[in-house]
$ cat data29.pdb   # PDB, C-alpha atoms, pLDDT in the B column
ATOM      1  CA  CYS W   1     -13.580   0.822 -52.303  1.00 44.00           C
ATOM      2  CA  VAL W   2     -15.428   0.903 -48.964  1.00 40.00           C
ATOM      3  CA  TYR W   3     -15.770   4.692 -48.977  1.00 38.00           C
ATOM      4  CA  PHE W   4     -17.060   4.569 -52.536  1.00 39.00           C
ATOM      5  CA  ALA W   5     -19.629   1.906 -51.592  1.00 39.00           C
ATOM      6  CA  ILE W   6     -20.866   4.095 -48.719  1.00 39.00           C
ATOM      7  CA  ALA W   7     -21.172   7.042 -51.104  1.00 38.00           C
ATOM      8  CA  LEU W   8     -23.244   4.904 -53.502  1.00 39.00           C
ATOM      9  CA  VAL W   9     -25.601   3.891 -50.676  1.00 40.00           C
ATOM     10  CA  ILE W  10     -26.057   7.531 -49.639  1.00 39.00           C
ATOM     11  CA  MET W  11     -26.631   8.596 -53.249  1.00 41.00           C
ATOM     12  CA  SER W  12     -29.198   5.829 -53.827  1.00 42.00           C
ATOM     13  CA  ARG W  13     -31.140   6.816 -50.688  1.00 41.00           C
ATOM     14  CA  HIS W  14     -31.391  10.377 -51.967  1.00 40.00           C
ATOM     15  CA  GLY W  15     -32.459   9.415 -55.486  1.00 40.00           C
ATOM     16  CA  LEU W  16     -29.081  10.229 -57.014  1.00 40.00           C
ATOM     17  CA  SER W  17     -28.200   6.646 -57.859  1.00 40.00           C
ATOM     18  CA  GLN W  18     -26.228   5.819 -60.944  1.00 46.00           C
ATOM     19  CA  GLU W  19     -23.642   3.113 -61.365  1.00 55.00           C
ATOM     20  CA  LEU W  20     -20.372   4.955 -61.995  1.00 56.00           C
ATOM     21  CA  PRO W  21     -20.310   8.601 -60.887  1.00 66.00           C
ATOM     22  CA  VAL W  22     -18.182   9.719 -63.844  1.00 69.00           C
ATOM     23  CA  LYS W  23     -19.931  10.735 -67.062  1.00 73.00           C
ATOM     24  CA  PRO W  24     -18.139  10.363 -70.411  1.00 71.00           C
ATOM     25  CA  ALA W  25     -17.149  13.609 -72.097  1.00 77.00           C
ATOM     26  CA  ARG W  26     -17.335  12.067 -75.571  1.00 77.00           C
ATOM     27  CA  THR W  27     -17.757   8.750 -77.327  1.00 76.00           C
ATOM     28  CA  ILE W  28     -15.995   7.246 -80.299  1.00 77.00           C
ATOM     29  CA  SER W  29     -16.920   4.635 -82.880  1.00 81.00           C
ATOM     30  CA  PHE W  30     -14.490   2.244 -84.489  1.00 79.00           C
ATOM     31  CA  THR W  31     -14.383  -0.810 -86.702  1.00 84.00           C
ATOM     32  CA  THR W  32     -11.844  -3.577 -86.198  1.00 83.00           C
ATOM     33  CA  ASP W  33     -11.296  -7.160 -87.204  1.00 83.00           C
ATOM     34  CA  GLU W  34      -8.687  -7.988 -84.559  1.00 86.00           C
ATOM     35  CA  GLY W  35      -7.927  -7.414 -80.907  1.00 87.00           C
ATOM     36  CA  SER W  36      -5.389  -8.311 -78.271  1.00 88.00           C
ATOM     37  CA  TYR W  37      -5.541  -9.265 -74.598  1.00 89.00           C
ATOM     38  CA  MET W  38      -9.095 -10.514 -75.053  1.00 93.00           C
ATOM     39  CA  ASN W  39     -10.957 -13.140 -73.029  1.00 94.00           C
ATOM     40  CA  VAL W  40     -13.030 -15.531 -75.138  1.00 96.00           C
ATOM     41  CA  ASP W  41     -15.549 -18.301 -74.452  1.00 96.00           C
ATOM     42  CA  VAL W  42     -17.570 -20.522 -76.810  1.00 96.00           C
ATOM     43  CA  SER W  43     -21.274 -21.119 -76.162  1.00 96.00           C
ATOM     44  CA  PRO W  44     -22.292 -24.620 -75.039  1.00 95.00           C
ATOM     45  CA  ASP W  45     -23.850 -25.337 -78.457  1.00 96.00           C
ATOM     46  CA  GLY W  46     -20.667 -24.182 -80.219  1.00 96.00           C
ATOM     47  CA  ASN W  47     -22.493 -21.602 -82.352  1.00 97.00           C
ATOM     48  CA  THR W  48     -21.574 -18.314 -80.651  1.00 97.00           C
ATOM     49  CA  ILE W  49     -18.422 -16.759 -79.266  1.00 97.00           C
ATOM     50  CA  ILE W  50     -18.451 -14.193 -76.469  1.00 97.00           C
ATOM     51  CA  PHE W  51     -15.459 -11.945 -75.906  1.00 97.00           C
ATOM     52  CA  ASP W  52     -14.339  -8.765 -74.225  1.00 96.00           C
ATOM     53  CA  LEU W  53     -12.703  -5.953 -76.166  1.00 95.00           C
ATOM     54  CA  LEU W  54     -11.696  -2.602 -74.697  1.00 92.00           C
ATOM     55  CA  GLY W  55     -13.836  -3.210 -71.604  1.00 92.00           C
ATOM     56  CA  ASP W  56     -17.076  -4.139 -73.351  1.00 94.00           C
ATOM     57  CA  LEU W  57     -18.663  -7.522 -74.109  1.00 96.00           C
ATOM     58  CA  TYR W  58     -19.591  -8.761 -77.576  1.00 96.00           C
ATOM     59  CA  THR W  59     -21.000 -11.896 -79.192  1.00 96.00           C
ATOM     60  CA  VAL W  60     -20.293 -13.110 -82.712  1.00 96.00           C
ATOM     61  CA  SER W  61     -21.234 -16.207 -84.665  1.00 97.00           C
ATOM     62  CA  ALA W  62     -18.605 -18.944 -84.479  1.00 96.00           C
ATOM     63  CA  GLU W  63     -18.604 -18.803 -88.292  1.00 96.00           C
ATOM     64  CA  GLY W  64     -17.663 -15.107 -88.183  1.00 93.00           C
ATOM     65  CA  GLY W  65     -19.534 -11.965 -89.105  1.00 93.00           C
ATOM     66  CA  LYS W  66     -20.501  -8.755 -87.381  1.00 93.00           C
ATOM     67  CA  ALA W  67     -20.222  -8.729 -83.579  1.00 94.00           C
ATOM     68  CA  ARG W  68     -23.162  -7.694 -81.388  1.00 94.00           C
ATOM     69  CA  GLN W  69     -22.236  -5.344 -78.547  1.00 93.00           C
ATOM     70  CA  LEU W  70     -23.769  -6.348 -75.189  1.00 94.00           C
ATOM     71  CA  THR W  71     -22.320  -3.662 -72.916  1.00 92.00           C
ATOM     72  CA  ARG W  72     -21.111  -0.106 -73.348  1.00 87.00           C
ATOM     73  CA  GLY W  73     -19.942   2.729 -71.197  1.00 83.00           C
ATOM     74  CA  MET W  74     -16.983   3.693 -69.085  1.00 85.00           C
ATOM     75  CA  ASP W  75     -17.082   0.698 -66.750  1.00 88.00           C
ATOM     76  CA  LEU W  76     -15.022  -2.405 -67.523  1.00 91.00           C
ATOM     77  CA  HIS W  77     -16.767  -5.699 -68.310  1.00 94.00           C
ATOM     78  CA  LEU W  78     -14.252  -8.547 -68.532  1.00 94.00           C
ATOM     79  CA  ARG W  79     -13.693 -12.317 -68.553  1.00 95.00           C
ATOM     80  CA  PRO W  80     -17.115 -13.496 -69.823  1.00 97.00           C
ATOM     81  CA  VAL W  81     -18.121 -17.164 -69.552  1.00 97.00           C
ATOM     82  CA  TRP W  82     -21.291 -18.870 -70.750  1.00 96.00           C
ATOM     83  CA  SER W  83     -23.724 -20.584 -68.404  1.00 96.00           C
ATOM     84  CA  PRO W  84     -24.077 -24.330 -69.073  1.00 94.00           C
ATOM     85  CA  ASP W  85     -27.424 -23.836 -70.840  1.00 94.00           C
ATOM     86  CA  GLY W  86     -26.194 -20.833 -72.856  1.00 95.00           C
ATOM     87  CA  SER W  87     -28.931 -18.494 -71.599  1.00 95.00           C
ATOM     88  CA  ALA W  88     -26.680 -16.283 -69.456  1.00 96.00           C
ATOM     89  CA  ILE W  89     -23.112 -15.164 -68.947  1.00 97.00           C
ATOM     90  CA  ALA W  90     -21.005 -14.443 -65.896  1.00 96.00           C
ATOM     91  CA  TYR W  91     -18.248 -11.833 -65.967  1.00 95.00           C
ATOM     92  CA  ILE W  92     -16.406  -9.400 -63.748  1.00 94.00           C
ATOM     93  CA  SER W  93     -17.179  -5.703 -63.912  1.00 92.00           C
ATOM     94  CA  ASP W  94     -16.420  -2.513 -62.048  1.00 89.00           C
ATOM     95  CA  ILE W  95     -19.886  -1.081 -62.759  1.00 86.00           C
ATOM     96  CA  SER W  96     -20.483  -0.965 -58.979  1.00 83.00           C
ATOM     97  CA  GLY W  97     -17.238   0.959 -58.421  1.00 83.00           C
ATOM     98  CA  CYS W  98     -15.143  -2.135 -57.594  1.00 87.00           C
ATOM     99  CA  PHE W  99     -14.649  -5.410 -59.475  1.00 90.00           C
ATOM    100  CA  HIS W 100     -17.484  -7.781 -58.596  1.00 90.00           C
ATOM    101  CA  LEU W 101     -19.063 -10.834 -60.165  1.00 92.00           C
ATOM    102  CA  ASN W 102     -21.911 -10.018 -62.551  1.00 94.00           C
ATOM    103  CA  THR W 103     -24.411 -11.999 -64.571  1.00 95.00           C
ATOM    104  CA  MET W 104     -26.399 -11.112 -67.654  1.00 95.00           C
ATOM    105  CA  ASP W 105     -29.503 -12.884 -68.912  1.00 93.00           C
ATOM    106  CA  LEU W 106     -29.021 -12.920 -72.687  1.00 90.00           C
ATOM    107  CA  THR W 107     -32.729 -13.037 -73.525  1.00 87.00           C
ATOM    108  CA  ASP W 108     -33.295  -9.517 -72.210  1.00 84.00           C
ATOM    109  CA  THR W 109     -29.719  -8.403 -71.295  1.00 77.00           C
ATOM    110  CA  ALA W 110     -30.798  -7.964 -67.647  1.00 83.00           C
ATOM    111  CA  HIS W 111     -27.672  -7.337 -65.579  1.00 85.00           C
ATOM    112  CA  LYS W 112     -27.129  -8.340 -61.934  1.00 91.00           C
ATOM    113  CA  THR W 113     -24.148  -7.684 -59.634  1.00 89.00           C
ATOM    114  CA  LEU W 114     -23.485 -10.492 -57.142  1.00 89.00           C
ATOM    115  CA  GLY W 115     -21.611  -9.896 -53.897  1.00 83.00           C
ATOM    116  CA  ARG W 116     -21.864  -6.114 -54.130  1.00 80.00           C
ATOM    117  CA  THR W 117     -21.178  -5.825 -50.388  1.00 78.00           C
ATOM    118  CA  ASP W 118     -18.220  -8.245 -50.488  1.00 81.00           C
ATOM    119  CA  GLY W 119     -14.640  -7.203 -51.030  1.00 80.00           C
ATOM    120  CA  GLU W 120     -13.355  -6.528 -54.509  1.00 84.00           C
ATOM    121  CA  ILE W 121     -12.611  -9.526 -56.719  1.00 83.00           C
ATOM    122  CA  LYS W 122      -9.036  -9.833 -57.928  1.00 77.00           C
ATOM    123  CA  TYR W 123      -8.659  -8.617 -61.504  1.00 71.00           C
ATOM    124  CA  GLY W 124      -7.362 -11.947 -62.857  1.00 75.00           C
ATOM    125  CA  ALA W 125     -10.130 -14.093 -61.356  1.00 82.00           C
ATOM    126  CA  ASP W 126     -12.247 -16.188 -63.710  1.00 88.00           C
ATOM    127  CA  PRO W 127     -15.898 -17.025 -63.035  1.00 93.00           C
ATOM    128  CA  VAL W 128     -16.723 -20.747 -63.280  1.00 92.00           C
ATOM    129  CA  TRP W 129     -20.313 -22.008 -63.531  1.00 93.00           C
ATOM    130  CA  THR W 130     -21.265 -25.245 -61.790  1.00 91.00           C
ATOM    131  CA  PRO W 131     -22.561 -27.831 -64.285  1.00 92.00           C
ATOM    132  CA  ASP W 132     -26.162 -27.343 -63.110  1.00 91.00           C
ATOM    133  CA  GLY W 133     -25.971 -23.581 -63.784  1.00 92.00           C
ATOM    134  CA  HIS W 134     -27.186 -22.659 -60.284  1.00 93.00           C
ATOM    135  CA  TYR W 135     -23.883 -21.407 -58.864  1.00 92.00           C
ATOM    136  CA  ILE W 136     -20.853 -19.429 -59.958  1.00 93.00           C
ATOM    137  CA  ILE W 137     -17.471 -19.816 -58.307  1.00 90.00           C
ATOM    138  CA  ILE W 138     -14.832 -17.113 -58.457  1.00 88.00           C
ATOM    139  CA  ASP W 139     -11.623 -17.243 -56.439  1.00 80.00           C
ATOM    140  CA  ASP W 140     -12.747 -18.883 -53.185  1.00 77.00           C
ATOM    141  CA  SER W 141     -16.284 -17.428 -53.276  1.00 85.00           C
ATOM    142  CA  VAL W 142     -19.403 -19.354 -54.294  1.00 88.00           C
ATOM    143  CA  TYR W 143     -22.514 -17.419 -55.359  1.00 91.00           C
ATOM    144  CA  SER W 144     -25.988 -18.670 -56.105  1.00 91.00           C
ATOM    145  CA  ILE W 145     -27.432 -17.082 -59.241  1.00 88.00           C
ATOM    146  CA  THR W 146     -30.042 -15.601 -56.902  1.00 84.00           C
ATOM    147  CA  GLY W 147     -27.222 -13.648 -55.239  1.00 79.00           C
ATOM    148  CA  ALA W 148     -26.655 -15.584 -52.003  1.00 84.00           C
ATOM    149  CA  LYS W 149     -23.046 -16.251 -51.017  1.00 85.00           C
ATOM    150  CA  LEU W 150     -22.177 -19.782 -49.903  1.00 82.00           C
ATOM    151  CA  PRO W 151     -19.170 -21.210 -48.029  1.00 78.00           C
ATOM    152  CA  PRO W 152     -16.066 -21.733 -50.197  1.00 73.00           C
ATOM    153  CA  ILE W 153     -15.164 -25.091 -51.706  1.00 69.00           C
ATOM    154  CA  ALA W 154     -12.354 -26.664 -49.692  1.00 68.00           C
ATOM    155  CA  GLY W 155      -9.178 -27.629 -51.502  1.00 64.00           C
ATOM    156  CA  PHE W 156      -9.137 -25.086 -54.341  1.00 64.00           C
ATOM    157  CA  LYS W 157      -7.767 -21.603 -54.376  1.00 67.00           C
ATOM    158  CA  HIS W 158      -8.398 -21.193 -58.101  1.00 76.00           C
ATOM    159  CA  LEU W 159     -11.065 -23.387 -59.698  1.00 81.00           C
ATOM    160  CA  VAL W 160     -10.575 -23.658 -63.451  1.00 82.00           C
ATOM    161  CA  ARG W 161     -13.340 -25.918 -64.755  1.00 84.00           C
ATOM    162  CA  PHE W 162     -15.696 -28.792 -63.979  1.00 85.00           C
ATOM    163  CA  SER W 163     -15.847 -31.961 -66.040  1.00 85.00           C
ATOM    164  CA  PRO W 164     -18.931 -32.064 -68.309  1.00 79.00           C
ATOM    165  CA  ASP W 165     -20.624 -34.605 -66.038  1.00 84.00           C
ATOM    166  CA  GLY W 166     -19.851 -32.522 -62.918  1.00 84.00           C
ATOM    167  CA  GLN W 167     -17.996 -35.391 -61.229  1.00 87.00           C
ATOM    168  CA  PHE W 168     -14.576 -33.694 -61.228  1.00 86.00           C
ATOM    169  CA  ALA W 169     -13.332 -30.194 -60.502  1.00 83.00           C
ATOM    170  CA  TYR W 170     -10.065 -28.940 -61.936  1.00 83.00           C
ATOM    171  CA  GLY W 171      -8.129 -26.189 -60.282  1.00 80.00           C
ATOM    172  CA  ILE W 172      -4.857 -24.795 -59.091  1.00 77.00           C
ATOM    173  CA  ASP W 173      -4.150 -25.309 -55.400  1.00 67.00           C
ATOM    174  CA  SER W 174      -1.190 -22.991 -54.946  1.00 58.00           C
TER     175      SER W 174
END

$ encode --input "data29.pdb" --output "structure tokens"
Amino acid sequence: CVYFAIALVIMSRHGLSQELPVKPARTISFTTDEGSYMNVDVSPDGNTIIFDLLGDLYTVSAEGGKARQLTRGMDLHLRPVWSPDGSAIAYISDISGCFHLNTMDLTDTAHKTLGRTDGEIKYGADPVWTPDGHYIIIDDSVYSITGAKLPPIAGFKHLVRFSPDGQFAYGIDS
């Protein structure tokens, strides 16, 4: 992971920057109405579902219908969760070459990788938004949506969720 990050820095300085250095040889299209081993979250207003399927992110109306694809490509985009106001999502992705926390603004699908210079996030980690929508916690790392990393929250090794009023945090401490 470190050697790959150094290679990306060198490539970007010489104008050769791209996210993943591997290009797909071919693409396929498919239609499905089911999936397995998917991660799902419901928007704060209850109207939209976001999910990952085969490494890409999709949204679909909570009433059903055709899904809208948000990401595509060879990189993996997984474990999406809605921001409290429903305007953005947080997810993990290996678009930078290692799994890192990412955000996407859903109004223009602008993508941002947070903690790109930090170590790789564990595959099973889930992003958790703070109730105010200004921070995202994953494992023991706390990131501002602007990208700054803050000190970890004491007492939790795996934060699961905040109460709706933000007064309580639920997590696993083992």

$ resolve_selection --input "data29.pdb" --expression "the PyMOL selection byres ((chain W and resi 137) around 10)" --output "number ranges by chain"
W: 90, 101, 125-130, 135-136, 138-144, 149-150, 152-153, 158-161

$ resolve_selection --input "data29.pdb" --expression "the PyMOL selection byres ((chain W and resi 81) around 9)" --output "VMD selection string"
chain W and resid 39 to 43 50 to 51 79 to 80 82 to 83 88 to 91 126 to 129

$ residues_near_point --input "data29.pdb" --point "(-19.0, -11.5, -85.8)" --cutoff "12 Å" --atoms "only C-alpha atoms" --output "MDAnalysis selection string"
chainID W and resid 31:34 47:51 58:69

$ write_last_selection --input "data29.pdb" --atoms "C-alpha atoms" --output "PDB file, in the frame of the given file"
ATOM      1  CA  THR W  31     -14.383  -0.810 -86.702  1.00 84.00           C
ATOM      2  CA  THR W  32     -11.844  -3.577 -86.198  1.00 83.00           C
ATOM      3  CA  ASP W  33     -11.296  -7.160 -87.204  1.00 83.00           C
ATOM      4  CA  GLU W  34      -8.687  -7.988 -84.559  1.00 86.00           C
ATOM      5  CA  ASN W  47     -22.493 -21.602 -82.352  1.00 97.00           C
ATOM      6  CA  THR W  48     -21.574 -18.314 -80.651  1.00 97.00           C
ATOM      7  CA  ILE W  49     -18.422 -16.759 -79.266  1.00 97.00           C
ATOM      8  CA  ILE W  50     -18.451 -14.193 -76.469  1.00 97.00           C
ATOM      9  CA  PHE W  51     -15.459 -11.945 -75.906  1.00 97.00           C
ATOM     10  CA  TYR W  58     -19.591  -8.761 -77.576  1.00 96.00           C
ATOM     11  CA  THR W  59     -21.000 -11.896 -79.192  1.00 96.00           C
ATOM     12  CA  VAL W  60     -20.293 -13.110 -82.712  1.00 96.00           C
ATOM     13  CA  SER W  61     -21.234 -16.207 -84.665  1.00 97.00           C
ATOM     14  CA  ALA W  62     -18.605 -18.944 -84.479  1.00 96.00           C
ATOM     15  CA  GLU W  63     -18.604 -18.803 -88.292  1.00 96.00           C
ATOM     16  CA  GLY W  64     -17.663 -15.107 -88.183  1.00 93.00           C
ATOM     17  CA  GLY W  65     -19.534 -11.965 -89.105  1.00 93.00           C
ATOM     18  CA  LYS W  66     -20.501  -8.755 -87.381  1.00 93.00           C
ATOM     19  CA  ALA W  67     -20.222  -8.729 -83.579  1.00 94.00           C
ATOM     20  CA  ARG W  68     -23.162  -7.694 -81.388  1.00 94.00           C
ATOM     21  CA  GLN W  69     -22.236  -5.344 -78.547  1.00 93.00           C
TER      22      GLN W  69
END

$ resolve_selection --input "data29.pdb" --expression "the PyMOL selection byres ((chain W and resi 76) around 6)" --output "list in words"
Gly55, Asp75, His77, Ser93 and Asp94 of chain W

$ atom_distance --input "data29.pdb" --atom1 "atom CA of Asp118 of chain W" --atom2 "atom CA of Phe99 of chain W"
10.1 Å

$ closest_residue --input "data29.pdb" --among "W:His134, W:Ile145, W:Thr27, W:Leu53" --to "Leu70 of chain W" --atoms "all atoms listed in the file"
W:Leu53

$ residues_around --input "data29.pdb" --residues "Ser87 of chain W" --least-positions-apart "4" --cutoff "7 Å" --atoms "only C-alpha atoms" --output "PyMOL selection string"
chain W and resi 83+105-107

$ decode --input "data29.pdb" --residues "segment 84-96 of chain W" --atoms "all heavy atoms" --output "short mmCIF file (atom, residue, chain, number, x, y, z; two decimals), in the first residue's frame"
data_model
loop_
_atom_site.label_atom_id
_atom_site.label_comp_id
_atom_site.auth_asym_id
_atom_site.auth_seq_id
_atom_site.Cartn_x
_atom_site.Cartn_y
_atom_site.Cartn_z
N PRO W 84 -26.77 12.76 7.54
CA PRO W 84 -28.03 13.06 8.24
C PRO W 84 -29.01 13.91 7.44
O PRO W 84 -30.22 13.75 7.59
CB PRO W 84 -27.57 13.81 9.50
CG PRO W 84 -26.18 13.30 9.74
CD PRO W 84 -25.61 13.10 8.36
N ASP W 85 -28.51 14.80 6.58
CA ASP W 85 -29.43 15.62 5.78
C ASP W 85 -29.76 15.01 4.42
O ASP W 85 -30.53 15.57 3.65
CB ASP W 85 -28.88 17.03 5.60
CG ASP W 85 -27.63 17.10 4.74
OD1 ASP W 85 -27.16 16.04 4.24
OD2 ASP W 85 -27.10 18.22 4.56
N GLY W 86 -29.17 13.85 4.11
CA GLY W 86 -29.48 13.15 2.87
C GLY W 86 -28.83 13.72 1.62
O GLY W 86 -29.11 13.29 0.51
N SER W 87 -27.92 14.68 1.77
CA SER W 87 -27.31 15.32 0.60
C SER W 87 -26.03 14.63 0.15
O SER W 87 -25.52 14.92 -0.93
CB SER W 87 -27.01 16.79 0.89
OG SER W 87 -25.98 16.89 1.87
N ALA W 88 -25.50 13.73 0.99
CA ALA W 88 -24.22 13.09 0.68
C ALA W 88 -24.22 11.67 1.23
O ALA W 88 -25.09 11.29 2.02
CB ALA W 88 -23.07 13.89 1.30
N ILE W 89 -23.23 10.90 0.79
CA ILE W 89 -23.02 9.57 1.33
C ILE W 89 -21.56 9.42 1.71
O ILE W 89 -20.70 10.12 1.18
CB ILE W 89 -23.42 8.46 0.34
CG1 ILE W 89 -22.64 8.59 -0.98
CG2 ILE W 89 -24.92 8.44 0.11
CD1 ILE W 89 -22.75 7.39 -1.89
N ALA W 90 -21.31 8.54 2.65
CA ALA W 90 -19.95 8.11 2.99
C ALA W 90 -19.87 6.64 2.66
O ALA W 90 -20.86 5.91 2.78
CB ALA W 90 -19.66 8.36 4.47
N TYR W 91 -18.69 6.19 2.23
CA TYR W 91 -18.50 4.79 1.87
C TYR W 91 -17.01 4.50 1.85
O TYR W 91 -16.19 5.42 1.89
CB TYR W 91 -19.13 4.47 0.51
CG TYR W 91 -18.63 5.33 -0.62
CD1 TYR W 91 -17.66 4.86 -1.50
CD2 TYR W 91 -19.12 6.62 -0.82
CE1 TYR W 91 -17.19 5.65 -2.54
CE2 TYR W 91 -18.66 7.41 -1.85
CZ TYR W 91 -17.70 6.92 -2.70
OH TYR W 91 -17.23 7.71 -3.72
N ILE W 92 -16.65 3.23 1.82
CA ILE W 92 -15.24 2.90 1.66
C ILE W 92 -15.01 2.51 0.20
O ILE W 92 -15.90 2.00 -0.47
CB ILE W 92 -14.76 1.80 2.63
CG1 ILE W 92 -15.47 0.48 2.40
CG2 ILE W 92 -14.90 2.25 4.07
CD1 ILE W 92 -14.86 -0.68 3.17
N SER W 93 -13.81 2.81 -0.27
CA SER W 93 -13.46 2.52 -1.65
C SER W 93 -11.96 2.31 -1.77
O SER W 93 -11.19 2.88 -1.00
CB SER W 93 -13.88 3.69 -2.55
OG SER W 93 -13.44 3.49 -3.88
N ASP W 94 -11.59 1.51 -2.74
CA ASP W 94 -10.16 1.33 -3.03
C ASP W 94 -9.75 2.12 -4.28
O ASP W 94 -8.75 1.82 -4.91
CB ASP W 94 -9.79 -0.14 -3.16
CG ASP W 94 -10.40 -0.81 -4.38
OD1 ASP W 94 -11.24 -0.20 -5.08
OD2 ASP W 94 -10.04 -1.97 -4.65
N ILE W 95 -10.48 3.16 -4.60
CA ILE W 95 -10.17 3.98 -5.78
C ILE W 95 -8.78 4.60 -5.69
O ILE W 95 -8.14 4.86 -6.70
CB ILE W 95 -11.25 5.07 -6.01
CG1 ILE W 95 -11.12 5.68 -7.40
CG2 ILE W 95 -11.20 6.13 -4.93
CD1 ILE W 95 -12.29 6.52 -7.82
N SER W 96 -8.27 4.81 -4.46
CA SER W 96 -6.94 5.38 -4.28
C SER W 96 -5.85 4.31 -4.27
O SER W 96 -4.68 4.62 -4.15
CB SER W 96 -6.89 6.17 -2.98
OG SER W 96 -7.07 5.31 -1.88
#
